[in-house]
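Structure data (compact mmCIF, C-alpha atoms) from final_36.txt:
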```
# COMPACT_ATOMS: atom_id res chain seq x y z
CA MET Q 1 64.82 34.97 -20.05
CA LYS Q 2 62.33 36.97 -22.06
CA CYS Q 3 60.86 33.68 -23.25
CA ARG Q 4 59.54 32.77 -19.86
CA PRO Q 5 56.30 34.79 -20.02
CA LEU Q 6 55.56 33.20 -23.40
CA TRP Q 7 56.07 29.73 -21.97
CA LEU Q 8 53.84 30.62 -19.10
CA ILE Q 9 51.13 31.85 -21.46
CA ALA Q 10 51.41 28.70 -23.58
CA ALA Q 11 51.26 26.49 -20.49
CA SER Q 12 48.28 28.43 -19.17
CA LEU Q 13 46.49 28.08 -22.51
CA LEU Q 14 47.07 24.31 -22.48
CA LEU Q 15 45.78 24.13 -18.94
CA VAL Q 16 42.65 26.10 -19.85
CA ALA Q 17 42.08 23.90 -22.93
CA GLY Q 18 42.48 20.82 -20.78
CA LEU Q 19 39.98 22.14 -18.25
CA LEU Q 20 37.52 22.95 -21.00
CA LEU Q 21 37.85 19.46 -22.48
CA GLY Q 22 37.48 17.94 -19.03
CA GLY Q 23 34.43 20.10 -18.51
CA CYS Q 24 32.93 18.90 -21.75
CA GLN Q 25 33.45 15.29 -20.76
CA ASN Q 26 31.69 15.87 -17.46
CA SER Q 27 28.64 17.36 -19.12
CA ALA Q 28 28.29 14.53 -21.68
CA PRO Q 29 24.66 13.37 -21.62
CA LEU Q 30 24.00 10.61 -19.11
CA PRO Q 31 22.56 7.46 -20.70
CA PHE Q 32 19.14 7.68 -19.03
CA ARG Q 33 16.52 5.01 -19.69
CA LEU Q 34 13.49 7.04 -18.53
CA THR Q 35 12.09 10.05 -20.39
CA ASN Q 36 14.93 12.58 -20.43
CA VAL Q 37 13.64 16.07 -19.58
CA THR Q 38 17.07 17.72 -19.21
CA GLY Q 39 16.79 21.33 -20.35
CA HIS Q 40 13.04 21.09 -20.93
CA MET Q 41 11.79 22.14 -17.50
CA PRO Q 42 12.76 24.91 -15.06
CA PRO Q 43 14.98 24.13 -12.05
CA LEU Q 44 13.36 23.09 -8.78
CA GLU Q 45 11.87 26.05 -6.93
CA PHE Q 46 9.23 26.17 -4.20
CA SER Q 47 8.30 27.73 -0.91
CA LEU Q 48 6.48 25.16 1.27
CA THR Q 49 6.33 23.72 4.79
CA ASN Q 50 7.95 20.37 5.62
CA ASP Q 51 6.41 17.63 7.79
CA GLN Q 52 8.24 19.06 10.84
CA GLY Q 53 6.33 22.32 10.33
CA LYS Q 54 9.41 24.25 9.11
CA PRO Q 55 9.38 26.50 6.03
CA VAL Q 56 11.56 25.01 3.29
CA SER Q 57 12.65 25.85 -0.25
CA ALA Q 58 14.49 24.05 -3.05
CA ALA Q 59 17.78 25.35 -1.62
CA ASP Q 60 17.30 23.07 1.41
CA TYR Q 61 17.60 20.04 -0.90
CA LYS Q 62 20.66 21.24 -2.91
CA GLY Q 63 23.17 18.40 -3.04
CA LYS Q 64 20.42 15.76 -2.96
CA VAL Q 65 18.86 13.95 -5.89
CA VAL Q 66 15.15 14.79 -5.53
CA LEU Q 67 12.17 12.60 -6.49
CA LEU Q 68 9.13 14.89 -6.64
CA TYR Q 69 5.66 13.34 -6.41
CA PHE Q 70 2.25 14.99 -6.01
CA GLY Q 71 -0.32 13.11 -3.93
CA TYR Q 72 -2.56 13.25 -0.86
CA THR Q 73 -2.82 11.13 2.26
CA HIS Q 74 -6.56 10.31 1.94
CA CYS Q 75 -5.75 8.48 -1.30
CA PRO Q 76 -5.96 4.81 -0.28
CA ASP Q 77 -4.71 3.11 -3.43
CA VAL Q 78 -2.41 4.73 -5.99
CA CYS Q 79 -0.44 7.14 -3.75
CA PRO Q 80 0.54 4.48 -1.18
CA LEU Q 81 1.36 2.07 -4.02
CA THR Q 82 3.70 4.66 -5.55
CA MET Q 83 5.31 5.36 -2.16
CA ALA Q 84 5.70 1.61 -1.49
CA HIS Q 85 7.41 1.22 -4.87
CA LEU Q 86 9.72 4.14 -4.08
CA HIS Q 87 10.58 2.45 -0.77
CA VAL Q 88 11.69 -0.66 -2.71
CA VAL Q 89 13.70 1.60 -5.07
CA MET Q 90 15.47 3.19 -2.07
CA GLN Q 91 16.26 -0.27 -0.66
CA ARG Q 92 17.70 -1.34 -4.01
CA LEU Q 93 19.94 1.76 -4.09
CA GLY Q 94 21.54 0.72 -0.80
CA ALA Q 95 23.97 3.30 0.63
CA LEU Q 96 23.45 5.55 -2.43
CA ALA Q 97 19.90 6.24 -1.20
CA ASP Q 98 21.33 8.59 1.44
CA GLY Q 99 21.93 11.06 -1.39
CA ALA Q 100 18.25 11.00 -2.41
CA ARG Q 101 15.07 12.57 -1.02
CA ILE Q 102 11.49 11.69 -1.94
CA LEU Q 103 9.43 14.89 -1.76
CA PHE Q 104 5.75 13.98 -1.35
CA VAL Q 105 3.92 17.23 -2.09
CA SER Q 106 0.31 17.30 -0.90
CA VAL Q 107 -2.32 18.51 -3.36
CA ASP Q 108 -4.78 18.46 -0.44
CA PRO Q 109 -3.37 21.03 2.02
CA ALA Q 110 -6.79 21.40 3.69
CA ARG Q 111 -6.48 17.94 5.25
CA ASP Q 112 -2.72 17.32 5.03
CA THR Q 113 -1.21 19.11 8.00
CA PRO Q 114 2.53 18.67 8.69
CA ALA Q 115 1.65 16.19 11.50
CA VAL Q 116 -0.55 14.02 9.25
CA LEU Q 117 2.15 14.10 6.55
CA HIS Q 118 4.88 13.26 9.05
CA ALA Q 119 3.18 10.03 10.15
CA TYR Q 120 2.32 9.24 6.54
CA VAL Q 121 5.75 9.58 4.90
CA ASN Q 122 7.51 7.83 7.77
CA ALA Q 123 5.26 4.80 7.31
CA PHE Q 124 6.92 4.37 3.89
CA ASP Q 125 10.56 5.36 3.86
CA SER Q 126 13.16 7.23 5.91
CA HIS Q 127 14.22 9.21 2.81
CA ALA Q 128 10.71 10.60 2.29
CA VAL Q 129 9.70 14.15 3.25
CA GLY Q 130 6.12 15.42 3.28
CA LEU Q 131 5.54 18.96 1.99
CA THR Q 132 2.41 21.06 2.32
CA GLY Q 133 1.72 24.79 2.36
CA LYS Q 134 -0.43 27.59 1.06
CA PRO Q 135 -2.71 26.45 -1.80
CA GLY Q 136 -1.20 29.14 -4.06
CA ASN Q 137 2.35 27.92 -3.41
CA ILE Q 138 1.36 24.31 -4.12
CA GLU Q 139 -0.41 25.37 -7.33
CA ALA Q 140 2.68 27.30 -8.41
CA LEU Q 141 4.85 24.18 -8.05
CA VAL Q 142 2.27 21.99 -9.82
CA LYS Q 143 2.06 24.48 -12.73
CA ARG Q 144 5.85 24.87 -12.91
CA TYR Q 145 6.09 21.21 -13.92
CA ARG Q 146 2.95 21.22 -16.11
CA SER Q 147 1.36 18.88 -13.62
CA ALA Q 148 -2.30 19.09 -12.56
CA PHE Q 149 -4.81 18.15 -9.90
CA THR Q 150 -8.58 18.46 -9.50
CA ARG Q 151 -10.61 18.21 -6.33
CA GLU Q 152 -13.59 15.95 -7.03
CA PRO Q 153 -17.09 16.77 -5.65
CA ALA Q 154 -17.51 15.82 -1.99
CA SER Q 155 -19.83 13.01 -0.88
CA LYS Q 156 -22.63 13.50 1.68
CA ASP Q 157 -20.24 12.95 4.60
CA GLY Q 158 -17.89 15.62 3.25
CA ASN Q 159 -15.25 13.17 2.08
CA TYR Q 160 -13.67 13.90 -1.29
CA GLU Q 161 -11.03 12.54 -3.65
CA VAL Q 162 -8.37 14.46 -5.56
CA SER Q 163 -7.43 13.40 -9.09
CA HIS Q 164 -3.76 14.13 -9.70
CA SER Q 165 -0.83 13.56 -12.07
CA SER Q 166 0.92 10.29 -11.48
CA ALA Q 167 4.44 11.13 -12.69
CA ILE Q 168 7.59 11.27 -10.57
CA TYR Q 169 9.97 14.12 -11.47
CA VAL Q 170 13.64 13.41 -10.82
CA PHE Q 171 16.07 16.31 -10.22
CA ASP Q 172 19.87 16.17 -10.01
CA ARG Q 173 21.93 17.46 -7.07
CA ASP Q 174 21.81 20.99 -8.55
CA GLY Q 175 18.00 21.00 -8.70
CA LYS Q 176 17.87 20.54 -12.48
CA PRO Q 177 15.07 18.30 -13.83
CA ARG Q 178 16.60 15.23 -15.49
CA VAL Q 179 14.06 12.42 -15.97
CA LEU Q 180 10.34 11.70 -15.66
CA SER Q 181 9.06 8.36 -14.39
CA THR Q 182 5.45 7.27 -15.01
CA PRO Q 183 3.58 4.21 -13.65
CA ALA Q 184 4.11 2.56 -17.07
CA ASP Q 185 7.91 2.70 -16.63
CA SER Q 186 9.82 -0.17 -15.08
CA GLN Q 187 11.31 0.01 -11.60
CA ASP Q 188 14.65 -1.21 -13.01
CA ASP Q 189 14.85 1.88 -15.23
CA LEU Q 190 14.19 4.21 -12.30
CA VAL Q 191 16.87 2.46 -10.21
CA HIS Q 192 19.29 2.63 -13.17
CA ASP Q 193 18.79 6.36 -13.72
CA LEU Q 194 18.97 7.18 -10.02
CA GLN Q 195 22.24 5.26 -9.79
CA LEU Q 196 23.62 7.42 -12.62
CA LEU Q 197 22.55 10.64 -10.89
CA LEU Q 198 23.65 9.55 -7.42
CA SER Q 199 27.08 8.33 -8.49
CA THR Q 200 27.92 11.57 -10.33
CA GLY Q 201 28.46 15.00 -8.91
CA VAL Q 202 29.01 13.73 -5.38
CA GLN Q 203 30.06 16.57 -3.12
CA PRO Q 204 33.68 16.06 -1.97
CA MET H 1 -56.09 -31.65 -5.80
CA LYS H 2 -55.51 -28.08 -4.82
CA SER H 3 -53.44 -29.14 -1.83
CA PHE H 4 -51.42 -31.48 -4.06
CA ALA H 5 -50.66 -28.61 -6.41
CA THR H 6 -49.55 -26.44 -3.52
CA LEU H 7 -47.36 -29.25 -2.20
CA SER H 8 -45.75 -29.78 -5.63
CA LEU H 9 -45.13 -26.06 -5.93
CA LEU H 10 -43.53 -25.95 -2.49
CA THR H 11 -41.39 -29.01 -3.24
CA GLY H 12 -40.39 -27.46 -6.55
CA LEU H 13 -39.38 -24.24 -4.85
CA LEU H 14 -37.37 -26.12 -2.24
CA LEU H 15 -35.62 -28.13 -4.96
CA ALA H 16 -34.93 -25.01 -6.96
CA GLY H 17 -33.43 -23.47 -3.85
CA ALA H 18 -31.16 -26.49 -3.39
CA VAL H 19 -29.99 -26.52 -7.03
CA HIS H 20 -29.36 -22.79 -7.32
CA ALA H 21 -26.99 -22.28 -4.44
CA THR H 22 -26.08 -18.72 -3.52
CA ALA H 23 -23.16 -16.94 -5.20
CA ALA H 24 -21.25 -16.87 -1.91
CA GLU H 25 -21.23 -20.70 -1.72
CA HIS H 26 -19.30 -20.85 -4.99
CA ILE H 27 -16.85 -18.02 -4.43
CA HIS H 28 -13.43 -18.54 -2.92
CA ALA H 29 -11.41 -15.65 -1.56
CA SER H 30 -7.61 -15.64 -1.37
CA HIS H 31 -4.71 -13.15 -0.93
CA ALA H 32 -6.94 -10.96 1.21
CA TRP H 33 -5.01 -8.04 2.68
CA ILE H 34 -5.33 -4.43 3.79
CA ARG H 35 -2.74 -1.69 3.39
CA VAL H 36 -2.83 0.09 6.73
CA LEU H 37 -2.08 3.82 6.75
CA PRO H 38 -1.34 5.89 9.88
CA GLY H 39 -4.06 7.49 11.97
CA ASN H 40 -7.60 7.48 10.62
CA LEU H 41 -6.62 7.61 6.97
CA PRO H 42 -8.70 5.45 4.63
CA ALA H 43 -7.16 2.07 3.80
CA GLY H 44 -7.32 -0.06 0.65
CA ALA H 45 -8.37 -3.72 0.84
CA TYR H 46 -7.45 -6.27 -1.82
CA VAL H 47 -8.55 -9.83 -2.53
CA THR H 48 -8.70 -12.43 -5.31
CA LEU H 49 -12.17 -13.92 -5.86
CA GLU H 50 -12.74 -17.15 -7.79
CA ASN H 51 -16.16 -18.29 -8.90
CA ASP H 52 -16.39 -22.08 -9.46
CA SER H 53 -20.06 -21.97 -10.42
CA ASP H 54 -21.73 -22.22 -13.86
CA GLN H 55 -23.54 -19.00 -12.96
CA ALA H 56 -22.02 -15.55 -13.25
CA ALA H 57 -21.94 -13.55 -10.03
CA ALA H 58 -20.97 -10.03 -9.03
CA LEU H 59 -19.37 -8.40 -6.00
CA SER H 60 -21.57 -5.50 -4.98
CA GLY H 61 -19.77 -4.25 -1.90
CA ALA H 62 -18.69 -5.13 1.62
CA SER H 63 -19.15 -4.19 5.23
CA SER H 64 -17.13 -4.58 8.42
CA LYS H 65 -17.58 -4.12 12.14
CA THR H 66 -14.09 -2.57 12.19
CA TYR H 67 -14.85 0.23 9.70
CA GLY H 68 -17.71 2.70 9.62
CA GLN H 69 -17.84 2.68 5.83
CA VAL H 70 -16.63 0.38 3.04
CA MET H 71 -16.83 1.33 -0.63
CA LEU H 72 -16.02 -0.52 -3.84
CA HIS H 73 -13.69 1.68 -5.91
CA GLN H 74 -11.64 1.61 -9.03
CA SER H 75 -8.43 3.57 -9.65
CA SER H 76 -7.77 4.52 -13.24
CA MET H 77 -5.28 6.46 -15.28
CA GLN H 78 -6.46 8.96 -17.90
CA GLY H 79 -4.02 11.22 -19.72
CA GLY H 80 -1.40 10.87 -16.99
CA MET H 81 -3.98 11.71 -14.31
CA SER H 82 -4.76 9.22 -11.58
CA ARG H 83 -8.40 9.19 -10.45
CA MET H 84 -10.68 7.08 -8.31
CA THR H 85 -14.31 6.27 -9.02
CA MET H 86 -17.05 4.43 -7.15
CA VAL H 87 -18.14 1.16 -8.69
CA ASP H 88 -21.60 -0.43 -8.27
CA SER H 89 -20.46 -3.99 -8.86
CA LEU H 90 -17.57 -6.09 -10.11
CA ALA H 91 -18.38 -9.04 -12.39
CA LEU H 92 -17.33 -12.56 -11.40
CA PRO H 93 -17.81 -14.62 -14.57
CA ALA H 94 -18.84 -18.30 -14.37
CA HIS H 95 -15.66 -20.32 -13.71
CA GLY H 96 -13.78 -17.04 -13.72
CA LYS H 97 -12.18 -14.68 -11.27
CA ALA H 98 -11.88 -11.06 -10.29
CA VAL H 99 -8.75 -9.56 -8.80
CA LEU H 100 -8.87 -6.57 -6.50
CA ALA H 101 -5.26 -5.31 -6.55
CA PRO H 102 -3.36 -2.00 -6.14
CA ALA H 103 -3.95 0.54 -8.94
CA GLY H 104 -7.20 -1.20 -9.93
CA TYR H 105 -10.29 -2.38 -8.06
CA HIS H 106 -10.17 -2.08 -4.27
CA LEU H 107 -12.39 -1.74 -1.25
CA MET H 108 -11.88 1.61 0.45
CA LEU H 109 -12.15 1.21 4.23
CA MET H 110 -13.06 4.37 6.09
CA GLN H 111 -13.60 5.49 9.67
CA PRO H 112 -11.86 2.69 11.63
CA VAL H 113 -13.79 2.00 14.85
CA SER H 114 -10.51 1.15 16.61
CA PRO H 115 -6.90 1.45 15.35
CA VAL H 116 -5.88 -1.36 12.97
CA LYS H 117 -2.19 -2.33 13.16
CA PRO H 118 -0.08 -4.36 10.73
CA GLY H 119 -0.42 -8.03 11.68
CA ASP H 120 -4.07 -7.69 12.75
CA THR H 121 -6.78 -9.75 11.09
CA VAL H 122 -9.87 -7.83 10.00
CA ARG H 123 -13.07 -9.57 8.96
CA LEU H 124 -14.98 -8.13 6.02
CA LEU H 125 -18.36 -9.37 4.84
CA LEU H 126 -18.14 -9.50 1.04
CA LYS H 127 -21.58 -8.93 -0.51
CA PHE H 128 -22.79 -10.31 -3.82
CA SER H 129 -25.55 -9.05 -6.08
CA ASP H 130 -27.82 -12.06 -5.32
CA GLY H 131 -27.91 -10.94 -1.69
CA SER H 132 -25.56 -13.61 -0.35
CA SER H 133 -22.40 -12.73 1.55
CA LEU H 134 -19.03 -14.26 2.37
CA PRO H 135 -17.19 -13.50 5.63
CA THR H 136 -13.49 -13.13 4.76
CA ASP H 137 -10.47 -12.49 6.97
CA PHE H 138 -8.05 -9.86 5.69
CA ILE H 139 -4.50 -9.57 7.00
CA ALA H 140 -3.43 -6.01 7.85
CA ARG H 141 -0.09 -5.18 6.20
CA PRO H 142 2.25 -2.18 6.66
CA ALA H 143 1.81 0.93 4.49
CA ASN H 144 4.84 0.06 2.34
CA ALA H 145 3.77 -3.55 1.62
CA LEU H 146 3.16 -4.45 -2.03
CA ASP H 147 1.04 -7.58 -1.59
CA ALA H 148 -0.49 -9.99 0.90
CA GLY H 149 3.02 -11.17 1.88
CA ASP H 150 4.18 -14.71 2.47
CA GLU H 151 1.11 -16.59 3.59
CA ASN H 152 3.29 -19.02 5.53
CA ALA H 153 4.98 -16.21 7.43
CA ALA H 154 4.55 -16.43 11.18
CA LYS H 155 1.89 -14.15 12.54
CA PRO H 156 3.00 -11.83 15.34
```

Go ahead and express the file in the form of structure tokens.
Amino acid sequence: MKCRPLWLIAASLLLVAGLLLGGCQNSAPLPFRLTNVTGHMPPLEFSLTNDQGKPVSAADYKGKVVLLYFGYTHCPDVCPLTMAHLHVVMQRLGALADGARILFVSVDPARDTPAVLHAYVNAFDSHAVGLTGKPGNIEALVKRYRSAFTREPASKDGNYEVSHSSAIYVFDRDGKPRVLSTPADSQDDLVHDLQLLLSTGVQP
Amino acid sequence: MKSFATLSLLTGLLLAGAVHATAAEHIHASHAWIRVLPGNLPAGAYVTLENDSDQAAALSGASSKTYGQVMLHQSSMQGGMSRMTMVDSLALPAHGKAVLAPAGYHLMLMQPVSPVKPGDTVRLLLKFSDGSSLPTDFIARPANALDAGDENAAKP
């Protein structure tokens, strides 16, 4: 009878060991094809306004795989091309795409109001969200990911362009940065890595 | 004698004019399309230009009754930064071609006079450095299009 507690302890220890092993298996590195940035960048954090005019933070996108892209709506060539490519990526993901959100963060808050952004992102994909906000808050997010943007000198009519980083930052469902996709990378690799992230850690 | 000389000169000039046709007469445009963005946002226009002449030519710009301003631009990538610059002209080598395509050369269309919707046809007047021009119809495509689309596709 006195043995029972010992058995219990032994059984508990085995259970704990099993859980630890299981835990280790779950955190085995995912075989990403894009540049793996796991552990090299801080978790997603921002305080911005979405295209519905509501204040949002990273916590609002917990549970979603986030694709973060910096751009501006008056950019007629590269930004829409990137968004059009991301639309194709979402289509290729099929039902898995519901677990993903494309966050298009404006680096031109002076012109990109929530209303302008709303029409813009919806012209590309239903999983896209436009984010704008105070210039300081946008700069903080840009700096957090060692990204950059520069407003170019305005022309006579007051129009101006904004040079900006072209990378797409991909975060897992916990807001941790996992991979970086650049225009030089193939679409297949982005789809592959998103499939890995979307098919793991699904909320029960 | 003087009048004969003048006549020969005139004939020569006329002949020269006939032999050296304008750049526009030797340039063929295909895959002409516009990526339409919502509201009054600037749009990008793309086209493939082929020059079947022995003479080099150059695209110097374009104009349109549908847009207040059209500019020839080039997107480029430097150190992971995407930027856009104005371009004075784009070379069209003899028996060569120039491709205006996303992430490269494009015509930036600004200030639409009236809203342009996907499916619309917009005429642009492509201008060449010899002063000639080529009216070209561009098909308006949705924001998330990647190219001119199937040319045989039924128009709405």

**OP:** Within 10 Å of chain Q, which residues of chain H are there when counting all atoms listed in the file? Please give them as a count of residues only.
**Re:** 41

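Of note, atom CA of Arg141 of chain H and atom CA of Ala110 of chain Q are spaced 27.5 Å apart.
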
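For the pair atom CA of Val179 of chain Q and atom CA of Pro43 of chain Q, the separation is 12.4 Å.
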
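The spacing separating atom CA of Phe171 of chain Q from atom CA of Arg111 of chain Q amounts to 27.4 Å.
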
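Here the question is which of Q:Asp188, Q:Asp193, Q:Asp157, Q:Asp98 gets nearest to Asp172 of chain Q using all atoms listed in the file, and that residue is Q:Asp193.
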
Original post:
Hey, what's within 9 Å of Gly131 of chain H if we count only C-alpha atoms and toss same-chain stuff fewer than 3 positions away? As a PyMOL selection string, please?
Top reply: chain H and resi 22-24+60+127-128

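Excluding segment 56-66 of chain Q itself and any same-chain residue fewer than 5 positions from it, the protein and nucleic acid residues within 8 Å of it, counting all atoms listed in the file, are Leu44, Glu45, Phe46, Ser47, Leu48, Thr49, Asn50, Gly99, Ala100, Arg101, Ile102, Leu103, Tyr169, Val170, Phe171, Asp172, Arg173, Asp174, Gly175, Leu194, Leu197, Leu198, Val202 and Gln203 of chain Q.
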
Store the residues of this selection in a file with C-alpha atoms, as an mmCIF file, in the coordinates of the input.
```
data_model
loop_
_atom_site.group_PDB
_atom_site.id
_atom_site.type_symbol
_atom_site.label_atom_id
_atom_site.label_comp_id
_atom_site.auth_asym_id
_atom_site.auth_seq_id
_atom_site.Cartn_x
_atom_site.Cartn_y
_atom_site.Cartn_z
ATOM 1 C CA LEU Q 44 13.360 23.090 -8.780
ATOM 2 C CA GLU Q 45 11.870 26.050 -6.930
ATOM 3 C CA PHE Q 46 9.230 26.170 -4.200
ATOM 4 C CA SER Q 47 8.300 27.730 -0.910
ATOM 5 C CA LEU Q 48 6.480 25.160 1.270
ATOM 6 C CA THR Q 49 6.330 23.720 4.790
ATOM 7 C CA ASN Q 50 7.950 20.370 5.620
ATOM 8 C CA GLY Q 99 21.930 11.060 -1.390
ATOM 9 C CA ALA Q 100 18.250 11.000 -2.410
ATOM 10 C CA ARG Q 101 15.070 12.570 -1.020
ATOM 11 C CA ILE Q 102 11.490 11.690 -1.940
ATOM 12 C CA LEU Q 103 9.430 14.890 -1.760
ATOM 13 C CA TYR Q 169 9.970 14.120 -11.470
ATOM 14 C CA VAL Q 170 13.640 13.410 -10.820
ATOM 15 C CA PHE Q 171 16.070 16.310 -10.220
ATOM 16 C CA ASP Q 172 19.870 16.170 -10.010
ATOM 17 C CA ARG Q 173 21.930 17.460 -7.070
ATOM 18 C CA ASP Q 174 21.810 20.990 -8.550
ATOM 19 C CA GLY Q 175 18.000 21.000 -8.700
ATOM 20 C CA LEU Q 194 18.970 7.180 -10.020
ATOM 21 C CA LEU Q 197 22.550 10.640 -10.890
ATOM 22 C CA LEU Q 198 23.650 9.550 -7.420
ATOM 23 C CA VAL Q 202 29.010 13.730 -5.380
ATOM 24 C CA GLN Q 203 30.060 16.570 -3.120
#
```

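In this comparison, which uses only C-alpha atoms, the residue of H:Asp52, H:Ala148, H:Trp33, H:Asp88 approaching Val122 of chain H most closely is H:Trp33.
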
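Comparing the minimum interatomic distances between Ser155 of chain Q and each of H:Leu100, H:Glu25, H:Ser30, H:Met86, counting all atoms listed in the file, we find that H:Met86 sits nearest.
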
**OP:** Find the residue from H:Val47, H:Leu92, H:Leu134, H:Ala21 that sits nearest to Ser63 of chain H; use all atoms listed in the file when measuring.
**Re:** H:Leu134

Once you add 8 Å to each side, what are the centre and edge lengths of the axis-aligned box holding all listed atoms of segment 91-100 of chain Q? One decimal in Å, as AutoDock Vina command-line options, if you can.
```
--center_x 20.1 --center_y 4.9 --center_z -1.3 --size_x 23.7 --size_y 28.4 --size_z 21.5
```
